[in-house]
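Source file: run_26.txt (compact mmCIF, C-alpha atoms and all ligand atoms)
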```txt
# COMPACT_ATOMS: atom_id res chain seq x y z
CA MET A 823 167.74 -99.80 6.59
CA ILE A 824 166.96 -96.21 5.71
CA ASP A 825 164.67 -96.04 8.73
CA LYS A 826 167.27 -97.52 10.98
CA ILE A 827 169.82 -94.93 9.85
CA ALA A 828 167.33 -92.13 10.51
CA SER A 829 166.41 -93.40 13.97
CA ILE A 830 170.04 -93.77 15.03
CA LYS A 831 170.72 -90.28 13.81
CA GLU A 832 167.85 -88.93 15.91
CA GLU A 833 168.94 -90.87 18.99
CA VAL A 834 172.53 -89.64 18.67
CA ASN A 835 171.46 -86.08 18.11
CA GLY A 836 169.75 -85.86 21.48
CA TYR A 837 172.24 -88.06 23.33
CA GLN A 838 173.52 -86.56 26.57
CA ALA A 839 176.73 -87.70 28.26
CA ASP A 840 178.24 -85.43 30.87
CA THR A 841 180.83 -87.75 32.35
CA PRO A 842 183.69 -89.66 30.71
CA ALA A 843 182.00 -92.91 31.72
CA LYS A 844 178.83 -91.95 29.88
CA VAL A 845 180.83 -90.88 26.86
CA GLU A 846 182.44 -94.28 26.88
CA GLU A 847 178.98 -95.85 26.98
CA PHE A 848 178.12 -93.83 23.90
CA ARG A 849 181.22 -95.09 22.16
CA LEU A 850 180.46 -98.70 23.01
CA LYS A 851 176.87 -98.36 21.91
CA TYR A 852 177.54 -96.78 18.51
CA LEU A 853 181.17 -96.81 17.51
CA SER A 854 182.74 -99.98 18.90
CA LYS A 855 183.07 -103.26 17.00
CA LYS A 856 179.86 -104.48 18.57
CA GLY A 857 178.11 -101.14 18.23
CA ALA A 858 175.19 -100.02 16.10
CA LEU A 859 177.31 -98.70 13.24
CA SER A 860 179.20 -101.95 12.89
CA ALA A 861 175.92 -103.84 12.75
CA LEU A 862 174.71 -101.53 9.97
CA MET A 863 177.94 -102.08 8.04
CA ASP A 864 177.42 -105.84 8.29
CA ALA A 865 173.87 -105.48 7.06
CA PHE A 866 175.08 -103.27 4.21
CA ARG A 867 177.00 -106.21 2.71
CA THR A 868 173.75 -108.01 1.85
CA VAL A 869 172.00 -105.00 0.37
CA PRO A 870 171.08 -105.39 -3.34
CA SER A 871 173.66 -103.71 -5.52
CA ASP A 872 171.28 -101.15 -7.05
CA GLN A 873 170.70 -99.66 -3.55
CA LYS A 874 174.35 -99.75 -2.51
CA ARG A 875 175.22 -96.32 -3.83
CA GLU A 876 172.50 -94.42 -2.01
CA LEU A 877 172.72 -96.39 1.19
CA GLY A 878 176.51 -96.26 1.22
CA GLN A 879 176.40 -92.50 1.10
CA LYS A 880 173.83 -92.31 3.91
CA LEU A 881 175.86 -94.69 6.02
CA ASN A 882 178.99 -92.61 5.57
CA GLU A 883 177.12 -89.47 6.56
CA LEU A 884 175.84 -91.20 9.66
CA LYS A 885 179.33 -92.33 10.57
CA THR A 886 180.67 -88.78 10.33
CA PHE A 887 177.72 -87.49 12.32
CA VAL A 888 178.17 -90.02 15.14
CA THR A 889 181.93 -89.47 15.29
CA GLU A 890 181.48 -85.72 15.51
CA ARG A 891 178.88 -86.08 18.25
CA TYR A 892 181.25 -88.40 20.10
CA ASN A 893 184.14 -85.90 19.89
CA TYR A 894 181.84 -83.12 21.04
CA LEU A 895 180.59 -85.11 24.03
CA LYS A 896 184.11 -86.19 24.93
CA GLU A 897 185.43 -82.66 24.91
CA ASN A 898 182.54 -81.31 26.95
CA ALA A 899 182.73 -84.06 29.53
CA SER A 900 186.41 -83.35 30.15
CA LEU A 901 185.87 -79.58 30.09
CA SER A 902 183.05 -79.66 32.61
CA GLY A 903 185.50 -81.25 35.01
CA SER A 904 182.94 -83.67 36.26
CA PHE A 905 184.37 -87.13 36.22
CA ASP A 906 183.48 -90.46 37.48
CA SER A 907 185.99 -91.05 40.25
CA ALA A 908 185.56 -94.78 39.92
CA SER A 909 187.03 -94.72 36.43
CA ILE A 910 190.06 -92.61 37.33
CA ASP A 911 192.94 -93.74 39.48
CA LEU A 912 193.88 -90.64 41.43
CA THR A 913 196.83 -92.34 43.09
CA ARG A 914 198.65 -92.81 39.80
CA SER A 915 201.76 -90.65 39.48
CA ALA A 916 201.65 -87.96 36.83
CA THR A 917 203.38 -88.49 33.50
CA SER A 918 206.58 -86.52 33.62
CA PHE A 919 207.53 -84.24 30.77
CA PRO A 920 211.17 -84.31 29.74
CA VAL A 921 212.64 -80.88 30.40
CA GLY A 922 215.14 -79.48 27.91
CA SER A 923 218.64 -78.60 29.02
CA ARG A 924 220.95 -75.76 28.18
CA HIS A 925 223.53 -76.44 25.47
CA PRO A 926 227.04 -76.98 26.91
CA ILE A 927 228.38 -74.13 24.75
CA SER A 928 225.77 -71.79 26.28
CA ILE A 929 226.57 -72.98 29.79
CA VAL A 930 230.29 -72.31 29.37
CA LYS A 931 229.68 -69.06 27.49
CA ASN A 932 227.53 -67.78 30.36
CA ASP A 933 230.17 -68.85 32.90
CA ILE A 934 232.89 -66.98 31.01
CA LEU A 935 230.77 -63.86 30.52
CA ARG A 936 229.87 -63.81 34.21
CA ILE A 937 233.53 -63.89 35.22
CA PHE A 938 234.36 -60.96 32.94
CA ALA A 939 231.21 -59.06 33.91
CA ASP A 940 232.43 -59.23 37.53
CA MET A 941 235.62 -57.53 36.35
CA GLY A 942 233.68 -54.67 34.74
CA PHE A 943 233.36 -55.88 31.14
CA THR A 944 230.11 -55.30 29.29
CA ILE A 945 228.84 -57.48 26.44
CA ALA A 946 228.99 -56.25 22.84
CA GLU A 947 227.63 -58.13 19.85
CA GLY A 948 227.83 -57.67 16.10
CA PRO A 949 226.78 -59.21 12.78
CA GLU A 950 227.99 -62.62 11.57
CA ILE A 951 227.95 -61.41 7.96
CA GLU A 952 230.70 -58.82 7.78
CA ASP A 953 232.78 -56.82 5.36
CA ASP A 954 236.52 -56.96 4.78
CA TRP A 955 237.14 -53.73 6.70
CA HIS A 956 235.75 -54.92 10.04
CA VAL A 957 237.23 -58.42 9.92
CA PHE A 958 240.62 -57.74 8.32
CA SER A 959 241.64 -54.29 7.09
CA SER A 960 240.83 -52.30 10.23
CA LEU A 961 242.69 -54.95 12.23
CA ASN A 962 245.99 -54.40 10.45
CA PHE A 963 245.90 -57.56 8.32
CA PRO A 964 248.38 -57.19 5.45
CA ALA A 965 246.72 -57.44 2.00
CA ASP A 966 248.25 -60.86 1.39
CA HIS A 967 247.62 -62.35 4.84
CA PRO A 968 246.66 -66.05 4.55
CA ALA A 969 243.54 -65.62 6.73
CA ARG A 970 241.99 -63.61 3.91
CA ASP A 971 242.58 -66.48 1.54
CA MET A 972 239.70 -68.49 0.11
CA GLN A 973 241.06 -71.41 2.13
CA ASP A 974 240.04 -69.90 5.44
CA THR A 975 237.27 -67.45 4.79
CA PHE A 976 233.78 -68.05 3.48
CA PHE A 977 233.19 -65.20 1.04
CA ILE A 978 229.64 -64.27 0.19
CA SER A 979 230.50 -61.79 -2.55
CA ARG A 980 233.70 -60.11 -3.69
CA ASN A 981 232.36 -57.19 -5.66
CA PRO A 982 232.55 -54.22 -5.14
CA ILE A 983 233.79 -55.03 -1.61
CA ASP A 984 234.37 -58.36 0.09
CA ILE A 985 231.38 -59.55 2.09
CA LEU A 986 232.12 -62.59 4.21
CA LEU A 987 231.26 -64.67 7.25
CA ARG A 988 233.35 -63.32 10.11
CA THR A 989 236.33 -65.49 11.00
CA HIS A 990 236.66 -63.99 14.47
CA THR A 991 234.64 -61.65 16.71
CA SER A 992 237.46 -59.07 16.66
CA SER A 993 235.17 -57.37 14.12
CA VAL A 994 232.89 -56.41 17.02
CA GLN A 995 235.84 -54.67 18.69
CA THR A 996 236.34 -52.53 15.58
CA ARG A 997 232.64 -51.70 15.46
CA THR A 998 232.67 -50.67 19.13
CA MET A 999 235.82 -48.54 18.82
CA GLU A 1000 234.43 -46.79 15.74
CA LYS A 1001 231.40 -45.64 17.70
CA ASN A 1002 232.81 -45.02 21.19
CA GLN A 1003 235.74 -43.23 22.74
CA PRO A 1004 237.65 -44.89 25.62
CA PRO A 1005 237.34 -46.11 28.23
CA ILE A 1006 236.05 -49.22 26.46
CA ARG A 1007 235.83 -52.51 28.29
CA ILE A 1008 233.90 -55.19 26.38
CA VAL A 1009 233.63 -58.92 25.79
CA CYS A 1010 232.25 -60.05 22.43
CA PRO A 1011 230.67 -63.50 22.29
CA GLY A 1012 229.51 -65.00 19.01
CA ARG A 1013 229.69 -67.58 16.28
CA VAL A 1014 232.53 -67.46 13.79
CA TYR A 1015 233.18 -69.33 10.55
CA ARG A 1016 236.28 -70.80 8.97
CA ASN A 1017 236.56 -72.89 5.85
CA GLU A 1018 237.95 -76.04 7.44
CA ALA A 1019 237.22 -79.70 6.80
CA ILE A 1020 234.92 -81.00 9.52
CA SER A 1021 236.55 -83.56 11.81
CA ALA A 1022 236.70 -84.48 15.50
CA ARG A 1023 239.15 -81.61 16.06
CA ALA A 1024 237.93 -78.89 13.66
CA HIS A 1025 234.64 -77.50 12.43
CA CYS A 1026 233.63 -74.90 9.88
CA PHE A 1027 231.99 -72.86 12.62
CA PHE A 1028 232.66 -72.40 16.32
CA HIS A 1029 232.15 -69.84 19.06
CA GLN A 1030 234.46 -67.20 20.43
CA ILE A 1031 234.62 -64.66 23.17
CA GLU A 1032 236.99 -61.82 22.57
CA GLY A 1033 237.79 -59.11 25.07
CA LEU A 1034 239.00 -55.52 24.65
CA TYR A 1035 240.05 -52.90 27.14
CA ILE A 1036 241.14 -49.44 25.99
CA ASP A 1037 241.97 -46.61 28.38
CA LYS A 1038 244.86 -44.41 29.47
CA ASN A 1039 247.88 -46.31 30.81
CA VAL A 1040 246.66 -49.86 30.17
CA SER A 1041 249.61 -52.23 30.45
CA PHE A 1042 250.50 -55.82 29.69
CA ALA A 1043 250.54 -56.45 33.45
CA ASP A 1044 246.84 -55.51 33.59
CA LEU A 1045 246.15 -58.02 30.84
CA ARG A 1046 248.05 -60.74 32.63
CA GLN A 1047 246.22 -60.17 35.90
CA VAL A 1048 242.77 -60.21 34.26
CA LEU A 1049 243.61 -63.45 32.44
CA LEU A 1050 245.01 -65.06 35.59
CA ASN A 1051 241.84 -64.16 37.47
CA PHE A 1052 239.75 -65.61 34.64
CA ALA A 1053 241.75 -68.86 34.51
CA GLN A 1054 241.52 -69.39 38.27
CA GLN A 1055 237.80 -68.74 38.41
CA MET A 1056 237.17 -70.98 35.45
CA PHE A 1057 239.51 -73.87 36.25
CA GLY A 1058 240.16 -73.56 39.98
CA ALA A 1059 242.22 -71.40 42.34
CA GLU A 1060 245.34 -73.55 41.89
CA THR A 1061 245.51 -72.92 38.14
CA LYS A 1062 248.71 -71.37 36.84
CA ILE A 1063 249.10 -69.45 33.60
CA ARG A 1064 251.99 -69.02 31.21
CA LEU A 1065 252.28 -66.49 28.37
CA ARG A 1066 254.30 -67.41 25.28
CA PRO A 1067 255.27 -64.86 22.61
CA SER A 1068 253.16 -65.17 19.47
CA TYR A 1069 251.97 -63.14 16.49
CA PHE A 1070 248.62 -61.56 15.57
CA PRO A 1071 248.36 -58.69 13.09
CA PHE A 1072 246.22 -56.64 15.48
CA THR A 1073 248.31 -56.91 18.65
CA GLU A 1074 251.90 -56.02 19.47
CA PRO A 1075 253.34 -57.61 21.50
CA SER A 1076 251.21 -60.75 21.12
CA ALA A 1077 251.05 -63.86 23.24
CA GLU A 1078 249.36 -67.20 23.60
CA MET A 1079 248.27 -68.25 27.04
CA ASP A 1080 248.55 -71.75 28.49
CA ILE A 1081 247.05 -72.97 31.74
CA SER A 1082 248.51 -75.71 33.88
CA CYS A 1083 246.94 -79.02 32.87
CA ASP A 1084 244.16 -79.75 35.34
CA ILE A 1085 244.27 -83.49 34.65
CA CYS A 1086 247.82 -84.11 35.84
CA GLY A 1087 248.17 -80.89 37.85
CA GLY A 1088 251.11 -79.87 35.65
CA LYS A 1089 253.16 -83.05 36.02
CA GLY A 1090 252.66 -84.10 32.39
CA CYS A 1091 250.15 -86.59 30.93
CA ALA A 1092 248.74 -87.74 27.58
CA PHE A 1093 246.17 -84.93 27.59
CA CYS A 1094 248.77 -82.15 27.76
CA LYS A 1095 251.21 -84.16 25.63
CA GLU A 1096 253.52 -84.49 28.64
CA THR A 1097 254.12 -80.73 28.78
CA GLY A 1098 251.99 -79.94 31.85
CA TRP A 1099 250.40 -77.02 29.94
CA VAL A 1100 247.41 -76.58 27.61
CA GLU A 1101 246.86 -73.59 25.36
CA ILE A 1102 243.60 -71.69 25.82
CA LEU A 1103 243.75 -68.27 24.22
CA GLY A 1104 245.51 -65.57 22.20
CA CYS A 1105 246.07 -62.05 23.45
CA GLY A 1106 248.22 -58.93 23.26
CA MET A 1107 248.42 -55.15 23.39
CA VAL A 1108 246.25 -53.55 20.69
CA ASP A 1109 248.46 -52.45 17.80
CA PRO A 1110 248.54 -48.61 17.48
CA ASN A 1111 247.57 -49.02 13.80
CA VAL A 1112 244.27 -50.62 14.89
CA LEU A 1113 243.50 -47.77 17.29
CA LYS A 1114 244.28 -45.27 14.55
CA SER A 1115 242.06 -46.96 11.97
CA CYS A 1116 239.17 -46.88 14.45
CA GLY A 1117 239.59 -43.18 15.27
CA ILE A 1118 241.31 -43.54 18.67
CA ASP A 1119 244.53 -41.63 19.36
CA PRO A 1120 247.32 -44.13 20.20
CA GLU A 1121 249.37 -41.31 21.73
CA ILE A 1122 246.77 -40.96 24.49
CA TYR A 1123 245.29 -44.42 24.79
CA SER A 1124 246.51 -47.99 24.91
CA GLY A 1125 244.73 -51.25 25.42
CA TYR A 1126 244.77 -55.01 25.37
CA ALA A 1127 242.72 -57.64 23.57
CA PHE A 1128 242.28 -61.37 23.99
CA GLY A 1129 240.28 -64.04 22.23
CA LEU A 1130 239.29 -67.58 23.12
CA GLY A 1131 237.28 -70.41 21.61
CA ILE A 1132 234.32 -71.50 23.73
CA GLU A 1133 234.45 -75.06 22.35
CA ARG A 1134 238.06 -75.31 23.46
CA ILE A 1135 237.25 -74.21 27.02
CA THR A 1136 234.23 -76.55 27.09
CA ASN A 1137 236.47 -79.43 25.98
CA LEU A 1138 238.92 -78.70 28.74
CA LYS A 1139 236.18 -78.53 31.35
CA TYR A 1140 234.13 -81.50 30.22
CA LYS A 1141 236.63 -83.55 28.17
CA VAL A 1142 234.45 -83.80 25.07
CA LYS A 1143 236.59 -85.67 22.54
CA ASP A 1144 234.72 -84.93 19.34
CA LEU A 1145 233.89 -81.32 18.37
CA ARG A 1146 231.07 -82.52 16.13
CA MET A 1147 229.04 -83.49 19.19
CA PHE A 1148 228.41 -79.79 19.82
CA SER A 1149 226.42 -79.35 16.63
CA GLU A 1150 224.74 -82.75 16.30
CA ASN A 1151 222.23 -81.92 19.03
CA ASP A 1152 221.83 -85.48 20.28
CA VAL A 1153 219.67 -84.90 23.36
CA ARG A 1154 221.40 -87.73 25.25
CA PHE A 1155 224.67 -85.82 24.92
CA LEU A 1156 223.13 -82.43 25.70
CA ALA A 1157 221.29 -83.69 28.79
CA GLU A 1158 224.56 -84.74 30.43
CA PHE A 1159 225.68 -81.17 31.00
CA GLU A 1160 222.84 -79.83 33.08
CA SER A 1161 223.41 -82.65 35.56
CA ALA A 1162 227.16 -82.12 35.45
CA ARG A 1163 226.67 -78.81 37.24
N1 LIG B 1201 241.16 -62.95 16.89
C1 LIG B 1201 242.08 -64.00 17.28
C2 LIG B 1201 241.59 -65.31 16.69
O1 LIG B 1201 240.53 -65.40 16.19
C3 LIG B 1201 242.17 -64.14 18.77
C4 LIG B 1201 242.77 -62.93 19.41
C5 LIG B 1201 242.00 -61.89 19.84
C6 LIG B 1201 244.15 -62.85 19.58
C7 LIG B 1201 242.56 -60.79 20.44
C8 LIG B 1201 244.72 -61.74 20.19
C9 LIG B 1201 243.91 -60.72 20.60
O2 LIG B 1201 242.31 -66.29 16.71
```
Take the structure in the file and write it out as structure tokens.
Ligand code: PHE
Amino acid sequence: MIDKIASIKEEVNGYQADTPAKVEEFRLKYLSKKGALSALMDAFRTVPSDQKRELGQKLNELKTFVTERYNYLKENASLSGSFDSASIDLTRSATSFPVGSRHPISIVKNDILRIFADMGFTIAEGPEIEDDWHVFSSLNFPADHPARDMQDTFFISRNPIDILLRTHTSSVQTRTMEKNQPPIRIVCPGRVYRNEAISARAHCFFHQIEGLYIDKNVSFADLRQVLLNFAQQMFGAETKIRLRPSYFPFTEPSAEMDISCDICGGKGCAFCKETGWVEILGCGMVDPNVLKSCGIDPEIYSGYAFGLGIERITNLKYKVKDLRMFSENDVRFLAEFESAR
């Protein structure tokens, strides 16, 4: 048996196989169920037990040696590119690789940013971990405003100053105003966090785009026209908008904007709760206190700001009923959007 092992080893060592067919021959001859190694294993069963230890070790070494030789030959045969055309069906279609698709939130984010870029807005980004000043104080939030409460905000530390996960991307507006003098015309996309129970209609994080325009003589009419243009490009040329008075600490006057429901065309349906309108964003003229706290003179400059949730716009466009779908990353769900375009 020792001799047999040695002779196989020698044979294998010099074995040449430069085509896949020859490599397969090698495999059949040595490694298959009817091959030389199998035969040795069978013979090993009848070996007297005092020789088993030594022979077993030799056999194992041989097995490793043959397998390594086989892998080497296989790799070389495929590398050399020479193949036996009889063993390969060249008419077979290639295996297709599934191609990933863009996330619906990214698709809609890019659409929105493109619309505002066409109107002269540039993109500004900022950190998700923020301090109290940039998220609240600079934006005219009263000290006891509920948004600062533990209920809404994820605090990271409270000493010596509050460090938190931003609850809106208005913080990027503050950062931009602190560093630049007007004219400023930016849109700020990004992820924001709020301490809410996760359900089909709410999540503890979502995505926003906020816009800011500061210059001389900026008026509410400018704001309205920019938002109308956005709504019509996003939801179709027939879309109407409506501004309702509202309240935000950082804008005065403030408004919420509705668009005409694109399901019923404004006639009233279950989706718009029979009102014909659906709310899509908050906006207003930047409060003079905010300009002041960022080092901009409110006697010279004025401006508007607006903010929208990307998930909300995506829901309106694609009628996704459950917000959780956006973060579950089920590829069957994600793949639907690339084809929807
Ligand atoms: N920051 C507000 C929010 O998160 C949105 C907003 C931005 C409203 C700008 C008015 C002006 O809800």
Exercise. For each of A:Leu1156, A:Leu1145, A:Ile978, A:Ile830, take the minimum atom-to-atom distance to Lys851 of chain A, counting all atoms listed in the file, then give the residue where this is smallest.
Key: A:Ile830
Quiz item: Contacts of Ala865 of chain A at 12 Å or less, counting all atoms listed in the file, minus same-chain residues fewer than 2 places along, as a PyMOL selection string?
Solution: chain A and resi 823-824+826-827+858-863+867-870+874+877-878+881
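When atom CA of Tyr1069 of chain A is paired with atom CA of Ser1124 of chain A, their separation reads 18.2 Å.
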Quiz item: Which is closest to ligand LIG 1201 (chain B) among A:Thr1061, A:Asn1017, A:Gln1030, A:Gln1003, if we use only C-alpha atoms and all ligand atoms?
Solution: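 Comparing A:Thr1061, A:Asn1017, A:Gln1030, A:Gln1003 against ligand LIG 1201 (chain B), the winner is A:Gln1030.
Rounded to one decimal, atom CA of Gly1090 of chain A and atom CA of Lys1139 of chain A lie 17.4 Å from each other.
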Quiz prompt | Which of A:Tyr1015, A:Phe1093, A:Phe943, A:Phe1128 sits closest to Leu986 of chain A [using all atoms listed in the file] | solution = A:Tyr1015
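Using only C-alpha atoms and all ligand atoms for every distance, the candidate list A:Ser1149, A:Thr989, A:Asn1111, A:Asn1051 yields A:Thr989 as the residue closest to ligand LIG 1201 (chain B).
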Self-check item: Nearest-residue call for Asp1119 of chain A, choices A:Ile1036, A:Cys1105, A:Thr944, A:Leu1049, using all atoms listed in the file
Solution: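 Going through A:Ile1036, A:Cys1105, A:Thr944, A:Leu1049 one by one, the smallest distance to Asp1119 of chain A is for A:Ile1036.
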Quiz item: Taking into account only C-alpha atoms and all ligand atoms, which residue in the set A:Thr1073, A:Ser871, A:Asn1002, A:Thr1097 is nearest to ligand LIG 1201 (chain B)?
Solution: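 Residue with the minimum atom-to-atom distance to ligand LIG 1201 (chain B): A:Thr1073.
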With 3 Å added on each side, what axis-aligned box encloses every listed atom of ligand LIG 1201 (chain B)? Give the centre and edge lengths in Å to one decimal, as JSON.
```
{"center_x": 242.6, "center_y": -63.5, "center_z": 18.4, "size_x": 10.2, "size_y": 11.6, "size_z": 10.4}
```
Exercise. Just the residues within 7 Å of segment 894-896 of chain A, please, counting only C-alpha atoms, with nothing from its chain fewer than 4 positions along; format it as a list in words.
Key: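 The residues satisfying every condition are Ala839, Pro842, Val845, Glu890 and Ser900 of chain A.
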Quiz prompt | Polymer residues at most 10 Å from Gly1087 of chain A, only C-alpha atoms, same-chain spacing of 2 or more positions, as a list of chain:residue names | solution =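 My list of contacting residues is A:Glu1060, A:Thr1061, A:Lys1062, A:Ser1082, A:Cys1083, A:Asp1084, A:Ile1085, A:Lys1089, A:Gly1090, A:Cys1091, A:Gly1098, A:Trp1099.
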Practice problem: Enumerate residues in contact with ligand LIG 1201 (chain B): an atom-to-atom distance of at most 6 Å, counting all atoms listed in the file. Format the result as a VMD selection string. | Solution: chain A and resid 990 992 1032 1104 to 1106 1127 to 1129
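Around the coordinate (218.2, -84.5, 29.8), residues that reach within 7 Å when counting only C-alpha atoms are Val921, Gly922, Ser923, Val1153, Arg1154, Leu1156, Ala1157 and Glu1158 of chain A.
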Quiz item: Near segment 1018-1026 of chain A, within 8 Å and counting all atoms listed in the file, which residues show up once chain neighbours fewer than 3 positions away are dropped, as a PyMOL selection string?
Solution: chain A and resi 973-974+1015+1143-1146
Give me the residues within 10 Å of Ile934 of chain A as a PDB file with C-alpha atoms, in the coordinates of the input, counting only C-alpha atoms and dropping any in the same chain fewer than 3 places off.
```
ATOM      1  CA  SER A 928     225.770 -71.790  26.280  1.00  0.00           C
ATOM      2  CA  ILE A 929     226.570 -72.980  29.790  1.00  0.00           C
ATOM      3  CA  VAL A 930     230.290 -72.310  29.370  1.00  0.00           C
ATOM      4  CA  LYS A 931     229.680 -69.060  27.490  1.00  0.00           C
ATOM      5  CA  ILE A 937     233.530 -63.890  35.220  1.00  0.00           C
ATOM      6  CA  PHE A 938     234.360 -60.960  32.940  1.00  0.00           C
ATOM      7  CA  ALA A 939     231.210 -59.060  33.910  1.00  0.00           C
ATOM      8  CA  VAL A1009     233.630 -58.920  25.790  1.00  0.00           C
ATOM      9  CA  PRO A1011     230.670 -63.500  22.290  1.00  0.00           C
ATOM     10  CA  ILE A1031     234.620 -64.660  23.170  1.00  0.00           C
ATOM     11  CA  PHE A1052     239.750 -65.610  34.640  1.00  0.00           C
ATOM     12  CA  ALA A1053     241.750 -68.860  34.510  1.00  0.00           C
ATOM     13  CA  GLN A1055     237.800 -68.740  38.410  1.00  0.00           C
ATOM     14  CA  MET A1056     237.170 -70.980  35.450  1.00  0.00           C
ATOM     15  CA  ILE A1132     234.320 -71.500  23.730  1.00  0.00           C
ATOM     16  CA  ILE A1135     237.250 -74.210  27.020  1.00  0.00           C
TER      17      ILE A1135
END
```
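Taking atom CA of Ser993 of chain A as the reference point, atom CA of Gln1054 of chain A is found at 27.7 Å.
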Is there a way to get, as a PDB file with C-alpha atoms, in the coordinates of the input, all residues within 12 Å of the point (227.0, -59.7, 16.6) in file coordinates, counting all atoms listed in the file?
```pdb
ATOM      1  CA  ILE A 945     228.840 -57.480  26.440  1.00  0.00           C
ATOM      2  CA  ALA A 946     228.990 -56.250  22.840  1.00  0.00           C
ATOM      3  CA  GLU A 947     227.630 -58.130  19.850  1.00  0.00           C
ATOM      4  CA  GLY A 948     227.830 -57.670  16.100  1.00  0.00           C
ATOM      5  CA  PRO A 949     226.780 -59.210  12.780  1.00  0.00           C
ATOM      6  CA  GLU A 950     227.990 -62.620  11.570  1.00  0.00           C
ATOM      7  CA  ILE A 951     227.950 -61.410   7.960  1.00  0.00           C
ATOM      8  CA  GLU A 952     230.700 -58.820   7.780  1.00  0.00           C
ATOM      9  CA  HIS A 956     235.750 -54.920  10.040  1.00  0.00           C
ATOM     10  CA  LEU A 987     231.260 -64.670   7.250  1.00  0.00           C
ATOM     11  CA  ARG A 988     233.350 -63.320  10.110  1.00  0.00           C
ATOM     12  CA  HIS A 990     236.660 -63.990  14.470  1.00  0.00           C
ATOM     13  CA  THR A 991     234.640 -61.650  16.710  1.00  0.00           C
ATOM     14  CA  SER A 992     237.460 -59.070  16.660  1.00  0.00           C
ATOM     15  CA  SER A 993     235.170 -57.370  14.120  1.00  0.00           C
ATOM     16  CA  VAL A 994     232.890 -56.410  17.020  1.00  0.00           C
ATOM     17  CA  GLN A 995     235.840 -54.670  18.690  1.00  0.00           C
ATOM     18  CA  THR A 996     236.340 -52.530  15.580  1.00  0.00           C
ATOM     19  CA  ARG A 997     232.640 -51.700  15.460  1.00  0.00           C
ATOM     20  CA  THR A 998     232.670 -50.670  19.130  1.00  0.00           C
ATOM     21  CA  VAL A1009     233.630 -58.920  25.790  1.00  0.00           C
ATOM     22  CA  CYS A1010     232.250 -60.050  22.430  1.00  0.00           C
ATOM     23  CA  PRO A1011     230.670 -63.500  22.290  1.00  0.00           C
ATOM     24  CA  GLY A1012     229.510 -65.000  19.010  1.00  0.00           C
ATOM     25  CA  ARG A1013     229.690 -67.580  16.280  1.00  0.00           C
ATOM     26  CA  VAL A1014     232.530 -67.460  13.790  1.00  0.00           C
ATOM     27  CA  HIS A1029     232.150 -69.840  19.060  1.00  0.00           C
ATOM     28  CA  GLN A1030     234.460 -67.200  20.430  1.00  0.00           C
ATOM     29  CA  ILE A1031     234.620 -64.660  23.170  1.00  0.00           C
ATOM     30  CA  GLU A1032     236.990 -61.820  22.570  1.00  0.00           C
TER      31      GLU A1032
END
```
